[in-house]
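Here the structure is laid out as structure tokens; the discussion comes afterwards.
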Amino acid sequence: MQAPAPRASTARRLVRWALRVGAALLGLVALLLVVLLLLEWRPPAEEDTPVRAGTAPQPPPASELTLLTWNLGYAGLDRQADFFFDGGTQSRAASRARVEENLSGLTAFLRGQAVDALLLQEVDSPSSRSFGVDEVGALAAALPGRHLARALNYRAAWVPAPLTRPMGSVESGLVTLTRIRPSLARRLQLPGDFPWPERVFQLKRCVHEVRLPAADGRPWTLLHVHLATFDRGGALRRQQMDFLRALMQRRYAEGQHVIVGGDWNQALPGLSERSFPASDPTPDWFQRVPDGWTPSGWTWAFDAATPSLRAVSASYRPGQTFLTSVDGFLLGPDVVLESVRAHDLGFRHTDHNPVELKVRLAGAR
């Protein structure tokens, strides 16, 4: 009896086709992995950050200092916005027009602040999420008298999440603007990272260390920070806090007047989950500065009566949206707090309120 050759031949063709498809898929996966490896931004442990000189006359070294910290939310997280990592749906600003409107409001406020240093977070160079607007350039143009230095903490050629409307390309970071020309400005890489390949699309957090001359001949050292968030369990934040604690104590031991400031992404000491009335539940990312972390003699400076951050799981709804304070300062033992206050701007142009600080050197009047 003759075997059914045509059926066997068809089966062999199907096997060969399946093998080719499998090989092609494996090749695509291998190519994707190679591309991801090539695209990952790997900043050095330390690098100087160039200072763009301002046009105003150089003031003399001072025994008093005023600072303002503000997370600008890439001019995309206004009161109508939400964010997909926090339970919302948006990964970009609503439109280029909205970015420009928000940026105009942000810079108008900053122009009115007669402070010695501005510590600004989430400031984009042209990026997909902010529709290609050069926010660093806009700040430089709006504040031409100030010296400007920038420390990148986010550079991704393409962020594919969320799949329906990916964030796209991102370049963003910390911008420090000062009246006094810095004697040093450098980026220090913080420890800790997400697992690969997620880390390709995530921030590479840093400290922006900026030194300014003080009246006693020793420098003011500003440690500008924007610490991790959305890390379940807070493992990254713990590593970063340990690094920061060692760094600031080392700088103080070297004779520098240390101020740590920025967005800590943790509720500052003494605050609870319900320090500010809200009906929404506590977000998963909520975490406090760990008990016992603060070194003896160091002083926290923030406004406990005014929230500095709203949750962005939905648009801002007063009385309902979860609120806390994560923006503020930590002062070295030889730095005396004169005043601190948050400006309640109603989260109109960003999901943070600015916090203003005035300090002096111990013994100075």
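Residues are named by chain letter and number: chains run A, B, ... in the order of the structure tokens, numbers start at 1 in each chain, and ligands are numbered from 1 in the order shown.
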Next on the checklist: Which residues are close to range 57-64 of chain A, i.e. within 10 Å by only C-alpha atoms, leaving aside same-chain residues fewer than 3 positions away? Reply as a list in words.
Outcome noted: Gly54, Asp116, Gly145, Arg146, Arg179, Ile180, Arg181, Leu212, Pro213, Ala214, Ala215, Asp216, Gly217, Arg218, Pro219, Trp220, Val335, Val336, Glu338, Lys358, Val359, Arg360, Leu361, Ala362, Gly363, Ala364 and Arg365 of chain A
Checklist entry - Any idea what's packed within 8 Å of Asp327 in chain A, counting only C-alpha atoms, ignoring anything in its chain fewer than 3 positions away? Could you give it as an MDAnalysis selection string? => result chainID A and resid 69:70 261:265 268 302 308:309 354:355
Selected residues, N, CA and C atoms, written as a short mmCIF file (atom, residue, chain, number, x, y, z; two decimals), in the first residue's frame, please.
```cif
data_model
loop_
_atom_site.label_atom_id
_atom_site.label_comp_id
_atom_site.auth_asym_id
_atom_site.auth_seq_id
_atom_site.Cartn_x
_atom_site.Cartn_y
_atom_site.Cartn_z
N THR A 69 12.63 76.27 46.36
CA THR A 69 12.60 75.00 45.65
C THR A 69 11.21 74.80 45.06
N TRP A 70 11.20 74.25 43.81
CA TRP A 70 9.91 74.05 43.13
C TRP A 70 10.07 72.99 42.06
N GLY A 261 18.23 70.58 49.69
CA GLY A 261 16.90 71.07 49.34
C GLY A 261 16.39 70.48 48.05
N GLY A 262 15.06 70.44 47.94
CA GLY A 262 14.44 69.96 46.71
C GLY A 262 13.20 69.14 47.00
N ASP A 263 12.96 68.17 46.12
CA ASP A 263 11.81 67.28 46.19
C ASP A 263 12.28 65.95 46.75
N TRP A 264 11.93 65.69 48.02
CA TRP A 264 12.39 64.47 48.69
C TRP A 264 11.53 63.26 48.32
N ASN A 265 10.35 63.49 47.74
CA ASN A 265 9.41 62.41 47.40
C ASN A 265 9.09 61.53 48.61
N LEU A 268 7.68 64.79 54.87
CA LEU A 268 8.75 65.28 55.74
C LEU A 268 8.40 65.04 57.21
N PHE A 302 10.48 73.26 56.51
CA PHE A 302 9.40 73.16 55.53
C PHE A 302 8.15 73.73 56.17
N SER A 308 2.70 70.85 49.80
CA SER A 308 3.55 71.18 48.65
C SER A 308 3.30 70.25 47.46
N LEU A 309 2.49 69.20 47.63
CA LEU A 309 2.30 68.21 46.56
C LEU A 309 0.87 67.70 46.59
N PRO A 354 5.64 75.92 45.45
CA PRO A 354 7.02 76.31 45.77
C PRO A 354 7.20 76.57 47.26
N VAL A 355 8.41 76.30 47.75
CA VAL A 355 8.74 76.51 49.17
C VAL A 355 9.95 77.43 49.25
#
```
Checklist entry - Restricting the calculation to only C-alpha atoms, which member of A:Pro162, A:Gly105, A:Pro50, A:Gly192 is positioned closest to His147 in chain A? => result A:Pro50
Write out as a PDB file with C-alpha atoms, in the first residue's frame all residues of range 112-193 of chain A that backbone DSSP assigns to strand (DSSP E).
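Done, and the output landed in states_29.pdb:
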```pdb
ATOM      1  CA  ALA A 117      19.023  80.562  44.547  1.00  0.00           C
ATOM      2  CA  LEU A 118      16.254  78.698  42.736  1.00  0.00           C
ATOM      3  CA  LEU A 119      16.248  74.890  42.941  1.00  0.00           C
ATOM      4  CA  LEU A 120      13.953  73.618  40.177  1.00  0.00           C
ATOM      5  CA  GLN A 121      13.096  70.008  39.331  1.00  0.00           C
ATOM      6  CA  GLU A 122      11.524  68.313  36.270  1.00  0.00           C
ATOM      7  CA  VAL A 123      12.665  70.922  33.772  1.00  0.00           C
ATOM      8  CA  ASP A 124      12.601  69.521  30.233  1.00  0.00           C
ATOM      9  CA  HIS A 147      23.721  81.923  36.617  1.00  0.00           C
ATOM     10  CA  LEU A 148      22.232  78.630  35.420  1.00  0.00           C
ATOM     11  CA  ALA A 149      23.530  75.080  35.846  1.00  0.00           C
ATOM     12  CA  ARG A 150      21.682  71.889  34.982  1.00  0.00           C
ATOM     13  CA  ALA A 151      22.071  68.271  36.122  1.00  0.00           C
ATOM     14  CA  LEU A 152      20.228  65.727  33.985  1.00  0.00           C
ATOM     15  CA  ASN A 153      18.423  62.910  35.757  1.00  0.00           C
ATOM     16  CA  TYR A 154      16.313  61.579  32.876  1.00  0.00           C
ATOM     17  CA  ARG A 155      17.450  60.792  29.339  1.00  0.00           C
ATOM     18  CA  ALA A 156      15.582  58.156  27.371  1.00  0.00           C
ATOM     19  CA  ALA A 157      15.424  57.900  23.594  1.00  0.00           C
ATOM     20  CA  TRP A 158      11.940  56.431  23.870  1.00  0.00           C
ATOM     21  CA  VAL A 159       9.681  55.478  26.792  1.00  0.00           C
ATOM     22  CA  GLY A 168       8.258  59.056  23.991  1.00  0.00           C
ATOM     23  CA  SER A 169      11.649  60.750  24.175  1.00  0.00           C
ATOM     24  CA  VAL A 170      12.592  62.501  27.413  1.00  0.00           C
ATOM     25  CA  GLU A 171      15.476  64.719  28.499  1.00  0.00           C
ATOM     26  CA  SER A 172      14.933  66.399  31.840  1.00  0.00           C
ATOM     27  CA  GLY A 173      16.581  67.259  35.119  1.00  0.00           C
ATOM     28  CA  LEU A 174      17.449  69.682  37.885  1.00  0.00           C
ATOM     29  CA  VAL A 175      18.108  73.347  37.160  1.00  0.00           C
ATOM     30  CA  THR A 176      19.865  75.524  39.739  1.00  0.00           C
ATOM     31  CA  LEU A 177      19.800  79.295  39.191  1.00  0.00           C
ATOM     32  CA  THR A 178      21.809  81.608  41.446  1.00  0.00           C
ATOM     33  CA  LEU A 184      31.558  74.611  41.784  1.00  0.00           C
ATOM     34  CA  ALA A 185      28.608  72.888  40.121  1.00  0.00           C
ATOM     35  CA  ARG A 186      28.634  69.122  39.621  1.00  0.00           C
ATOM     36  CA  ARG A 187      26.378  66.125  39.264  1.00  0.00           C
ATOM     37  CA  LEU A 188      26.733  63.187  41.667  1.00  0.00           C
ATOM     38  CA  GLN A 189      25.013  59.951  40.661  1.00  0.00           C
TER      39      GLN A 189
END
```
Might you pull out every residue within 8 Å of Gln320 in chain A, with only C-alpha atoms counted and same-chain residues fewer than 2 positions away left off, and present them as a PDB file with C-alpha atoms, in the first residue's frame?
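Result file follows (result.pdb):
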```pdb
ATOM      1  CA  PRO A 277      -7.775  66.937  54.703  1.00  0.00           C
ATOM      2  CA  ALA A 278      -8.700  64.790  51.706  1.00  0.00           C
ATOM      3  CA  SER A 279     -11.275  62.110  50.960  1.00  0.00           C
ATOM      4  CA  ASP A 280      -9.135  60.184  48.447  1.00  0.00           C
ATOM      5  CA  ARG A 317     -10.247  68.430  43.263  1.00  0.00           C
ATOM      6  CA  PRO A 318      -9.984  70.560  46.439  1.00  0.00           C
ATOM      7  CA  PHE A 322      -4.669  63.581  48.475  1.00  0.00           C
TER       8      PHE A 322
END
```
Item to check | Members of range 23-132 of chain A assigned alpha helix (DSSP H) by DSSP, as a PyMOL selection string | outcome: chain A and resi 23-39+96-111
Next on the checklist: Here is a test: counting only C-alpha atoms, which residue of A:Ala235, A:Asp86, A:Ala138, A:Leu103 is nearest to Asp284 in chain A?
Outcome noted: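 Using only C-alpha atoms, the shortest distance to Asp284 in chain A belongs to A:Asp86.
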Checklist entry - Looking at only C-alpha atoms, which of A:Phe230, A:Val99, A:Arg238, A:Ala75 is the one that sits closest to Asp291 in chain A? => result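 Of A:Phe230, A:Val99, A:Arg238, A:Ala75, the one nearest Asp291 in chain A is A:Arg238, counting only C-alpha atoms.
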Checklist entry - What does the distance from CA of His224 in chain A to CA of Val207 in chain A come to in Å, to one decimal? => result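 Interatomic distance here is 5.6 Å.
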Item to check | From A:Arg16, A:Arg348, A:His343, A:Arg79, residue lying nearest Ala311 in chain A [only C-alpha atoms] | outcome: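 Smallest separation from Ala311 in chain A among the options: A:Arg79.
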Checklist entry - Between A:Gln239, A:Gln287, A:Ser104, A:Thr324, which one has atoms that come closest to Ala304 in chain A, using only C-alpha atoms? => result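 Closest to Ala304 in chain A, using only C-alpha atoms: A:Thr324.
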Checklist entry - What's the 6 Å shell around Asp134 in chain A, counting only C-alpha atoms, without same-chain residues fewer than 3 positions away, as a PyMOL selection string? => result chain A and resi 125-126+137
With N, CA and C atoms retained, export the selected residues as a compact mmCIF listing (two decimals), in the first residue's frame.
```txt
# COMPACT_ATOMS: atom_id res chain seq x y z
N SER A 125 14.39 69.67 28.61
CA SER A 125 14.85 70.07 27.29
C SER A 125 13.82 69.50 26.31
N PRO A 126 13.88 69.87 25.01
CA PRO A 126 12.84 69.38 24.11
C PRO A 126 12.59 67.88 24.24
N GLY A 137 15.81 76.68 28.14
CA GLY A 137 16.03 77.93 27.42
C GLY A 137 15.06 79.01 27.82
```
Next on the checklist: Taking 2 positions as the minimum chain separation for residues in the same chain, which residues sit within 12 Å of Ala97 in chain A when counting only C-alpha atoms? Answer as a ChimeraX atom specification.
Outcome noted: /A:75-76,93-95,99-104,130-133
Next on the checklist: Residues near Asp351 in chain A, anyone? I mean within 7 Å using only C-alpha atoms, not counting same-chain ones fewer than 3 positions away, as a PyMOL selection string.
Outcome noted: chain A and resi 73+77-79+309-310+347
Just to be explicit: take each residue in the selection above, keep N, CA and C atoms, and write the result as a PDB file, in the first residue's frame.
```
ATOM      1  N   GLY A  73       7.157  70.114  37.209  1.00  0.00           N
ATOM      2  CA  GLY A  73       6.304  69.117  36.559  1.00  0.00           C
ATOM      3  C   GLY A  73       6.310  69.201  35.046  1.00  0.00           C
ATOM      4  N   LEU A  77       1.943  69.176  34.283  1.00  0.00           N
ATOM      5  CA  LEU A  77       1.112  68.611  35.342  1.00  0.00           C
ATOM      6  C   LEU A  77       0.323  69.707  36.054  1.00  0.00           C
ATOM      7  N   ASP A  78      -0.456  70.460  35.290  1.00  0.00           N
ATOM      8  CA  ASP A  78      -1.289  71.518  35.858  1.00  0.00           C
ATOM      9  C   ASP A  78      -2.483  70.908  36.584  1.00  0.00           C
ATOM     10  N   ARG A  79      -3.370  71.753  37.069  1.00  0.00           N
ATOM     11  CA  ARG A  79      -4.456  71.262  37.926  1.00  0.00           C
ATOM     12  C   ARG A  79      -5.463  70.386  37.174  1.00  0.00           C
ATOM     13  N   LEU A 309       2.494  69.198  47.630  1.00  0.00           N
ATOM     14  CA  LEU A 309       2.296  68.207  46.564  1.00  0.00           C
ATOM     15  C   LEU A 309       0.873  67.697  46.585  1.00  0.00           C
ATOM     16  N   ARG A 310       0.299  67.539  45.391  1.00  0.00           N
ATOM     17  CA  ARG A 310      -0.987  66.853  45.253  1.00  0.00           C
ATOM     18  C   ARG A 310      -0.781  65.536  44.516  1.00  0.00           C
ATOM     19  N   PHE A 347      -1.888  74.708  42.823  1.00  0.00           N
ATOM     20  CA  PHE A 347      -1.464  73.710  41.833  1.00  0.00           C
ATOM     21  C   PHE A 347      -1.936  74.079  40.415  1.00  0.00           C
TER      22      PHE A 347
END
```
